[in-house]
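Student: I am sharing final.txt, which consists of compact mmCIF, C-alpha atoms:
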```txt
# COMPACT_ATOMS: atom_id res chain seq x y z
CA MET U 1 96.23 84.78 133.80
CA LYS U 2 97.80 85.49 137.17
CA ASP U 3 100.45 88.11 137.90
CA ILE U 4 100.96 88.99 134.24
CA SER U 5 99.12 91.30 131.86
CA THR U 6 97.97 90.42 128.35
CA ALA U 7 100.71 92.61 126.85
CA GLU U 8 103.38 90.95 129.01
CA ALA U 9 102.11 87.43 128.26
CA TYR U 10 102.06 88.19 124.54
CA PHE U 11 105.59 89.65 124.66
CA LEU U 12 106.84 86.56 126.50
CA CYS U 13 105.57 84.30 123.70
CA ALA U 14 106.57 86.63 120.87
CA VAL U 15 110.24 86.89 121.87
CA GLN U 16 110.87 83.25 122.82
CA GLN U 17 112.86 82.51 119.64
CA LYS U 18 114.87 85.71 119.19
CA GLY U 19 114.66 87.55 122.50
CA LYS U 20 113.36 90.70 120.82
CA ILE U 21 110.64 92.17 118.61
CA PHE U 22 112.22 93.93 115.64
CA GLY U 23 110.96 96.90 113.64
CA HIS U 24 110.13 94.70 110.64
CA ASP U 25 107.98 92.26 112.69
CA ASP U 26 104.75 93.79 111.41
CA SER U 27 102.21 91.40 112.87
CA LYS U 28 103.99 91.13 116.23
CA ILE U 29 104.10 94.91 116.56
CA ALA U 30 100.42 95.26 115.67
CA CYS U 31 99.40 92.60 118.19
CA LEU U 32 101.59 94.02 120.95
CA MET U 33 100.20 97.52 120.38
CA SER U 34 96.65 96.14 120.38
CA ALA U 35 97.23 94.78 123.89
CA VAL U 36 98.93 97.98 125.05
CA PHE U 37 96.24 100.29 123.68
CA ASP U 38 93.48 98.16 125.20
CA GLU U 39 95.18 98.30 128.62
CA MET U 40 95.58 102.07 128.29
CA LYS U 41 91.89 102.38 127.41
CA LYS U 42 90.83 100.30 130.41
CA SER U 43 93.19 102.32 132.64
CA GLY U 44 91.46 105.53 131.59
CA LEU U 45 94.49 106.95 129.77
CA ILE U 46 93.08 107.04 126.25
CA GLU U 47 89.85 106.73 124.31
CA ILE U 48 89.58 105.04 120.93
CA THR U 49 87.08 106.27 118.36
CA GLY U 50 87.21 104.71 114.91
CA THR U 51 90.72 105.26 113.58
CA LYS U 52 91.77 107.89 116.10
CA LEU U 53 92.96 108.01 119.70
CA SER U 54 92.37 110.78 122.21
CA ILE U 55 94.16 111.33 125.50
CA ALA U 56 91.84 110.97 128.46
CA GLY U 57 94.38 111.23 131.26
CA GLN U 58 96.10 114.40 132.34
CA GLY U 59 99.68 114.96 133.47
CA GLU U 60 101.67 112.05 134.90
CA ILE U 61 100.54 108.48 134.43
CA PRO U 62 98.80 107.13 137.58
CA ALA U 63 100.96 105.05 139.92
CA ASN U 64 98.65 102.03 139.63
CA CYS U 65 99.22 101.71 135.87
CA SER U 66 101.76 99.29 134.39
CA PRO U 67 105.15 101.08 134.11
CA TYR U 68 105.55 100.05 130.46
CA LEU U 69 102.57 102.22 129.52
CA THR U 70 104.59 105.34 130.37
CA PRO U 71 106.74 105.54 127.18
CA VAL U 72 103.65 105.07 125.00
CA TYR U 73 101.62 107.61 126.97
CA ASP U 74 104.47 110.14 126.78
CA HIS U 75 104.74 109.55 123.04
CA LEU U 76 101.01 110.15 122.54
CA ARG U 77 101.21 113.40 124.48
CA GLU U 78 104.07 114.62 122.28
CA THR U 79 103.01 113.46 118.83
CA GLU U 80 101.31 115.77 116.33
CA SER U 81 98.79 113.23 115.07
CA LEU U 82 96.68 110.82 117.08
CA GLU U 83 95.52 108.98 113.99
CA LEU U 84 96.11 105.28 114.59
CA LYS U 85 97.88 104.78 111.27
CA HIS U 86 100.41 107.52 112.10
CA ILE U 87 101.03 106.17 115.59
CA MET U 88 101.51 102.66 114.24
CA GLN U 89 104.04 104.00 111.74
CA ASP U 90 106.10 105.33 114.67
CA TYR U 91 106.31 101.81 116.14
CA ASN U 92 106.63 99.95 112.84
CA SER U 93 109.41 102.07 111.38
CA GLY U 94 111.93 100.71 108.92
CA TRP U 95 114.55 103.28 109.88
CA SER U 96 114.16 103.72 113.63
CA ASP U 97 113.19 101.30 116.40
CA ARG U 98 113.34 104.05 119.05
CA ARG U 99 109.66 103.98 120.04
CA LEU U 100 109.39 100.21 119.84
CA ASN U 101 112.60 99.71 121.82
CA ALA U 102 111.41 102.02 124.60
CA LEU U 103 108.20 100.00 124.97
CA THR U 104 109.70 96.52 124.69
CA THR U 105 112.59 97.35 127.02
CA ALA U 106 110.11 98.54 129.64
CA ILE U 107 108.03 95.37 129.28
CA GLY U 108 111.08 93.11 129.29
CA THR U 109 112.62 94.82 132.30
CA GLY U 110 109.45 94.30 134.31
CA LEU U 111 109.35 90.62 133.35
CA ALA U 112 113.04 90.22 134.23
CA GLU U 113 112.47 91.71 137.68
CA ARG U 114 109.76 89.10 138.31
CA GLY U 115 111.78 86.13 137.05
CA PHE U 116 110.07 85.46 133.71
CA VAL U 117 113.02 86.36 131.44
CA THR U 118 116.75 86.95 131.60
CA ARG U 119 118.08 90.19 130.18
CA ALA U 120 121.22 90.45 128.03
CA LYS U 121 122.81 93.30 126.11
CA LEU U 122 124.84 92.40 123.03
CA GLY U 123 127.42 94.74 121.53
CA LEU U 124 129.95 97.00 123.21
CA PHE U 125 128.39 100.27 122.14
CA ASN U 126 124.63 100.88 121.97
CA GLY U 127 124.08 97.12 121.88
CA ARG U 128 120.60 95.71 121.53
CA VAL U 129 118.83 94.46 124.64
CA TYR U 130 117.39 90.95 124.45
CA PHE U 131 114.99 89.21 126.80
CA MET U 132 115.09 85.41 126.76
CA PRO U 133 112.27 83.60 128.61
CA TYR U 134 113.30 81.15 131.29
CA LYS U 135 112.79 77.51 130.36
CA THR U 136 109.53 77.05 132.26
CA ALA U 137 107.99 80.49 131.64
CA VAL U 138 106.23 79.90 128.32
CA PRO U 139 105.16 76.27 129.02
CA SER U 140 103.61 77.41 132.33
CA LEU U 141 101.77 80.20 130.55
CA ALA U 142 100.58 77.80 127.85
CA ALA U 143 99.27 75.34 130.45
CA GLU U 144 97.27 78.06 132.22
CA LEU U 145 95.93 79.34 128.91
CA LEU U 146 94.81 75.84 127.93
CA VAL U 147 92.85 75.32 131.15
CA ASN U 148 91.28 78.78 131.13
CA ILE U 149 90.06 78.55 127.53
CA LEU U 150 88.90 74.94 127.44
CA TYR U 151 87.44 74.59 130.93
CA GLN U 152 86.05 78.01 131.86
CA SER U 153 82.71 79.25 130.59
CA PRO U 154 82.55 81.87 129.38
CA ILE U 155 86.18 82.16 128.29
CA PRO U 156 87.93 84.90 130.33
CA ALA U 157 88.29 87.91 128.01
CA GLY U 158 92.01 88.28 128.75
CA ASP U 159 92.77 84.69 127.81
CA GLY U 160 90.64 84.82 124.66
CA PHE U 161 92.31 88.09 123.67
CA LEU U 162 95.79 86.64 124.21
CA TRP U 163 94.94 83.65 122.01
CA ILE U 164 93.69 85.98 119.27
CA LEU U 165 97.00 87.89 119.38
CA LEU U 166 99.11 84.73 119.36
CA GLU U 167 97.15 83.19 116.48
CA LYS U 168 97.19 86.29 114.30
CA SER U 169 100.95 86.73 114.65
CA SER U 170 101.90 83.03 114.46
CA CYS U 171 103.32 83.09 117.99
CA ILE U 172 101.37 80.21 119.52
CA PRO U 173 103.72 78.22 121.80
CA LYS U 174 104.64 74.71 120.67
CA ASP U 175 103.20 73.22 123.85
CA PHE U 176 99.78 72.33 122.40
CA SER U 177 98.75 69.15 120.60
CA ASP U 178 96.91 69.37 117.28
CA MET U 179 93.69 68.36 119.02
CA GLN U 180 94.13 71.03 121.67
CA LEU U 181 94.83 73.68 119.03
CA HIS U 182 91.65 72.71 117.20
CA GLU U 183 89.55 72.78 120.35
CA ILE U 184 90.94 76.12 121.51
CA ASN U 185 90.46 77.74 118.11
CA GLU U 186 86.87 76.48 117.98
CA ARG U 187 86.08 77.83 121.44
CA VAL U 188 87.65 81.24 120.80
CA LEU U 189 85.95 81.60 117.40
CA SER U 190 82.62 80.69 118.96
CA ALA U 191 83.19 83.29 121.70
CA ILE U 192 84.01 85.97 119.11
CA GLN U 193 80.81 85.21 117.20
CA ASP U 194 78.62 84.95 120.31
CA THR U 195 76.25 87.93 120.48
CA ASN U 196 76.83 88.00 124.25
CA GLY U 197 80.62 88.11 123.77
CA GLN U 198 80.94 91.66 122.51
CA GLU U 199 84.27 92.23 124.26
CA LEU U 200 86.18 89.55 122.35
CA SER U 201 84.52 90.61 119.11
CA ARG U 202 85.63 94.20 119.72
CA LEU U 203 89.19 93.18 120.55
CA ASN U 204 89.38 90.93 117.50
CA HIS U 205 88.16 93.74 115.24
CA PHE U 206 90.59 96.26 116.75
CA THR U 207 93.53 93.91 116.29
CA GLU U 208 92.54 93.29 112.66
CA GLN U 209 92.40 97.06 112.19
CA LEU U 210 95.99 97.52 113.43
CA LEU U 211 97.23 94.56 111.38
CA SER U 212 95.73 96.12 108.27
CA MET U 213 97.48 99.40 109.03
CA VAL U 214 100.96 97.92 109.36
CA LYS U 215 100.47 95.90 106.17
CA HIS U 216 99.11 98.75 104.05
CA TYR U 217 101.18 101.65 105.40
CA PRO U 218 104.75 100.33 105.37
CA ILE U 219 107.64 102.70 106.07
```
Would you mind writing the file's structure down as structure tokens?
Tutor:
Amino acid sequence: MKDISTAEAYFLCAVQQKGKIFGHDDSKIACLMSAVFDEMKKSGLIEITGTKLSIAGQGEIPANCSPYLTPVYDHLRETESLELKHIMQDYNSGWSDRRLNALTTAIGTGLAERGFVTRAKLGLFNGRVYFMPYKTAVPSLAAELLVNILYQSPIPAGDGFLWILLEKSSCIPKDFSDMQLHEINERVLSAIQDTNGQELSRLNHFTEQLLSMVKHYPI
């Protein structure tokens, strides 16, 4: 995908109906955090070992990192526990959306600045911020995803990962035919099972791990 990260592309598809990810959207939160944590890992900010994170970076977040990683990185530096289940509880909270709102507002603001979504705030006091994708944003993303998965070999890891996130949270855009959905699912499943495709297998397992945590440790 060009000019958009996996976390941003996932957010764009996940909010297209309501303009926001809410604190009770368990699977959407797990999938969004999977993309964010993976980007932080690849950016050298964190390490992931089993069910625990560790902070690899020191001090301020590097300038070349996505700005929306900052609220998550700051949270990890402040929190008492770096156990994944405890961190996920902070973002999947039934009584406070503070952590989730900080992350999604940062992602949405970046997308708005680049013309993918329009931003609106509803309510006179402390109103919620919503990000509605422009009419062509999601169809354009879906078209690129279709080509990259069906006609590139091997499947680019970022595109395969995005499809995994969309499928697991029921956020697949309605721009695919039944035949295309079948073909894409077959190709992604084959890539996950391929012994040479360890990256997609790892990402699939990690996402399943986070999904299990938000389902079994509700707040």
Student: For CA of Phe176 (chain U) and CA of Glu199 (chain U), determine how far apart the two atoms are, in Å to one decimal place.
Tutor: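 Taking CA of Phe176 (chain U) as the start and CA of Glu199 (chain U) as the end point, the length is 25.3 Å.
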Student: Check the smallest atom-to-atom distance from each of U:Ser153, U:Thr70, U:Gln89, U:Ser169 to Ser190 (chain U) using all atoms listed in the file, then report the winner.
Tutor: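 Closest candidate: U:Ser153.
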Student: So the first atom is CA of Ala30 (chain U) and the second is CA of Ala102 (chain U); what is the distance between them in Å, to one decimal place?
Tutor: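 These atoms are spaced 15.7 Å apart.
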Student: Given the choices U:Leu84, U:Leu53, U:Val214, U:Leu103, which gets closest to Val72 (chain U) if the distance is worked out from only C-alpha atoms?
Tutor: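 The closest residue to Val72 (chain U) is U:Leu103.
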Student: Would you please work out which residue, of U:Val188, U:Val129, U:Ala137, U:Leu166, is nearest to Gln152 (chain U) when using only C-alpha atoms?
Tutor: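 For Gln152 (chain U), the nearest of the given residues is U:Val188.
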Student: Can you tell me, as an mmCIF file with C-alpha atoms, in the coordinates of the input, what residues are no more than 12 Å from Ile149 (chain U) when counting only C-alpha atoms, ignoring any on the same chain fewer than 6 positions away?
Tutor:
```cif
data_model
loop_
_atom_site.group_PDB
_atom_site.id
_atom_site.type_symbol
_atom_site.label_atom_id
_atom_site.label_comp_id
_atom_site.auth_asym_id
_atom_site.auth_seq_id
_atom_site.Cartn_x
_atom_site.Cartn_y
_atom_site.Cartn_z
ATOM 1 C CA MET U 1 96.230 84.780 133.800
ATOM 2 C CA ALA U 142 100.580 77.800 127.850
ATOM 3 C CA ALA U 143 99.270 75.340 130.450
ATOM 4 C CA ILE U 155 86.180 82.160 128.290
ATOM 5 C CA PRO U 156 87.930 84.900 130.330
ATOM 6 C CA ALA U 157 88.290 87.910 128.010
ATOM 7 C CA GLY U 158 92.010 88.280 128.750
ATOM 8 C CA ASP U 159 92.770 84.690 127.810
ATOM 9 C CA GLY U 160 90.640 84.820 124.660
ATOM 10 C CA PHE U 161 92.310 88.090 123.670
ATOM 11 C CA LEU U 162 95.790 86.640 124.210
ATOM 12 C CA TRP U 163 94.940 83.650 122.010
ATOM 13 C CA ILE U 164 93.690 85.980 119.270
ATOM 14 C CA GLN U 180 94.130 71.030 121.670
ATOM 15 C CA LEU U 181 94.830 73.680 119.030
ATOM 16 C CA HIS U 182 91.650 72.710 117.200
ATOM 17 C CA GLU U 183 89.550 72.780 120.350
ATOM 18 C CA ILE U 184 90.940 76.120 121.510
ATOM 19 C CA ASN U 185 90.460 77.740 118.110
ATOM 20 C CA GLU U 186 86.870 76.480 117.980
ATOM 21 C CA ARG U 187 86.080 77.830 121.440
ATOM 22 C CA VAL U 188 87.650 81.240 120.800
ATOM 23 C CA LEU U 189 85.950 81.600 117.400
ATOM 24 C CA SER U 190 82.620 80.690 118.960
ATOM 25 C CA ALA U 191 83.190 83.290 121.700
#
```
Student: Can you tell me, as a ChimeraX atom specification, what residues are no more than 8 Å from region 8-25 of chain U when counting all atoms listed in the file, ignoring any on the same chain fewer than 3 positions away?
Tutor: /U:4-5,28-29,32,91-94,96-97,100,104,107-108,111,116-117,129-133,138,141,162,165-166,171-173
Student: Each side padded by 6 Å, which centre and which edge lengths in Å (one decimal) define the axis-aligned box around the listed atoms of region 78-92 of chain U? Give them as JSON.
Tutor:
```
{"center_x": 101.1, "center_y": 107.9, "center_z": 116.8, "size_x": 23.1, "size_y": 27.8, "size_z": 23.0}
```
Student: Record the distance separating CA of Gly44 (chain U) and CA of Arg98 (chain U), expressed in Å with one decimal.
Tutor: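 Result for CA of Gly44 (chain U) versus CA of Arg98 (chain U): 25.3 Å, one decimal.
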Student: Using only C-alpha atoms, which residue out of U:Thr79, U:Ser54, U:Thr207, U:Ser212 lies closest to Cys31 (chain U)?
Tutor: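 For Cys31 (chain U), the nearest of the given residues is U:Thr207.
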Student: Determine the nearest neighbour of Pro62 (chain U) from the options U:Ile192, U:Met88, U:Ile48, U:Met40, counting all atoms listed in the file.
Tutor: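 Selected residue with least distance to Pro62 (chain U): U:Met40.
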Student: Which residue is closest to Glu39 (chain U)? Choose from U:Asn204, U:Ser66, U:Ser27, U:Thr51 and count all atoms listed in the file.
Tutor: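 Answer, going by the shortest atom-to-atom distance: U:Ser66.
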Student: Missing atoms in region 53-73 of chain U should be modelled up to N, CA and C atoms and reported as an mmCIF file, in the frame of the given file.
Tutor:
```
data_model
loop_
_atom_site.group_PDB
_atom_site.id
_atom_site.type_symbol
_atom_site.label_atom_id
_atom_site.label_comp_id
_atom_site.auth_asym_id
_atom_site.auth_seq_id
_atom_site.Cartn_x
_atom_site.Cartn_y
_atom_site.Cartn_z
ATOM 1 N N LEU U 53 92.863 108.032 118.254
ATOM 2 C CA LEU U 53 92.960 108.010 119.700
ATOM 3 C C LEU U 53 92.771 109.412 120.243
ATOM 4 N N SER U 54 92.380 109.504 121.496
ATOM 5 C CA SER U 54 92.370 110.780 122.210
ATOM 6 C C SER U 54 92.884 110.520 123.607
ATOM 7 N N ILE U 55 93.578 111.485 124.168
ATOM 8 C CA ILE U 55 94.160 111.330 125.500
ATOM 9 C C ILE U 55 93.118 111.695 126.534
ATOM 10 N N ALA U 56 92.849 110.746 127.428
ATOM 11 C CA ALA U 56 91.840 110.970 128.460
ATOM 12 C C ALA U 56 92.480 111.387 129.769
ATOM 13 N N GLY U 57 93.692 110.893 130.025
ATOM 14 C CA GLY U 57 94.380 111.230 131.260
ATOM 15 C C GLY U 57 95.059 112.587 131.166
ATOM 16 N N GLN U 58 95.435 113.108 132.293
ATOM 17 C CA GLN U 58 96.100 114.400 132.340
ATOM 18 C C GLN U 58 97.378 114.286 133.174
ATOM 19 N N GLY U 59 98.450 114.923 132.703
ATOM 20 C CA GLY U 59 99.680 114.960 133.470
ATOM 21 C C GLY U 59 100.380 113.611 133.535
ATOM 22 N N GLU U 60 100.910 113.281 134.720
ATOM 23 C CA GLU U 60 101.670 112.050 134.900
ATOM 24 C C GLU U 60 100.753 110.834 134.892
ATOM 25 N N ILE U 61 101.289 109.716 134.456
ATOM 26 C CA ILE U 61 100.540 108.480 134.430
ATOM 27 C C ILE U 61 100.300 108.017 135.873
ATOM 28 N N PRO U 62 99.094 107.560 136.208
ATOM 29 C CA PRO U 62 98.800 107.130 137.580
ATOM 30 C C PRO U 62 99.732 106.017 138.049
ATOM 31 N N ALA U 63 100.005 105.998 139.347
ATOM 32 C CA ALA U 63 100.960 105.050 139.920
ATOM 33 C C ALA U 63 100.479 103.605 139.794
ATOM 34 N N ASN U 64 99.167 103.400 139.691
ATOM 35 C CA ASN U 64 98.650 102.030 139.630
ATOM 36 C C ASN U 64 98.672 101.440 138.223
ATOM 37 N N CYS U 65 99.126 102.210 137.240
ATOM 38 C CA CYS U 65 99.220 101.710 135.870
ATOM 39 C C CYS U 65 100.533 100.952 135.671
ATOM 40 N N SER U 66 100.539 100.039 134.714
ATOM 41 C CA SER U 66 101.760 99.290 134.390
ATOM 42 C C SER U 66 102.852 100.267 133.946
ATOM 43 N N PRO U 67 104.077 100.148 134.459
ATOM 44 C CA PRO U 67 105.150 101.080 134.110
ATOM 45 C C PRO U 67 105.431 101.162 132.614
ATOM 46 N N TYR U 68 105.224 100.043 131.880
ATOM 47 C CA TYR U 68 105.550 100.050 130.460
ATOM 48 C C TYR U 68 104.570 100.885 129.630
ATOM 49 N N LEU U 69 103.483 101.331 130.241
ATOM 50 C CA LEU U 69 102.570 102.220 129.520
ATOM 51 C C LEU U 69 103.129 103.637 129.429
ATOM 52 N N THR U 70 104.061 103.971 130.306
ATOM 53 C CA THR U 70 104.590 105.340 130.370
ATOM 54 C C THR U 70 105.224 105.808 129.064
ATOM 55 N N PRO U 71 106.149 105.030 128.428
ATOM 56 C CA PRO U 71 106.740 105.540 127.180
ATOM 57 C C PRO U 71 105.721 105.732 126.063
ATOM 58 N N VAL U 72 104.688 104.901 126.028
ATOM 59 C CA VAL U 72 103.650 105.070 125.000
ATOM 60 C C VAL U 72 102.804 106.286 125.311
ATOM 61 N N TYR U 73 102.434 106.465 126.565
ATOM 62 C CA TYR U 73 101.620 107.610 126.970
ATOM 63 C C TYR U 73 102.374 108.921 126.699
#
```
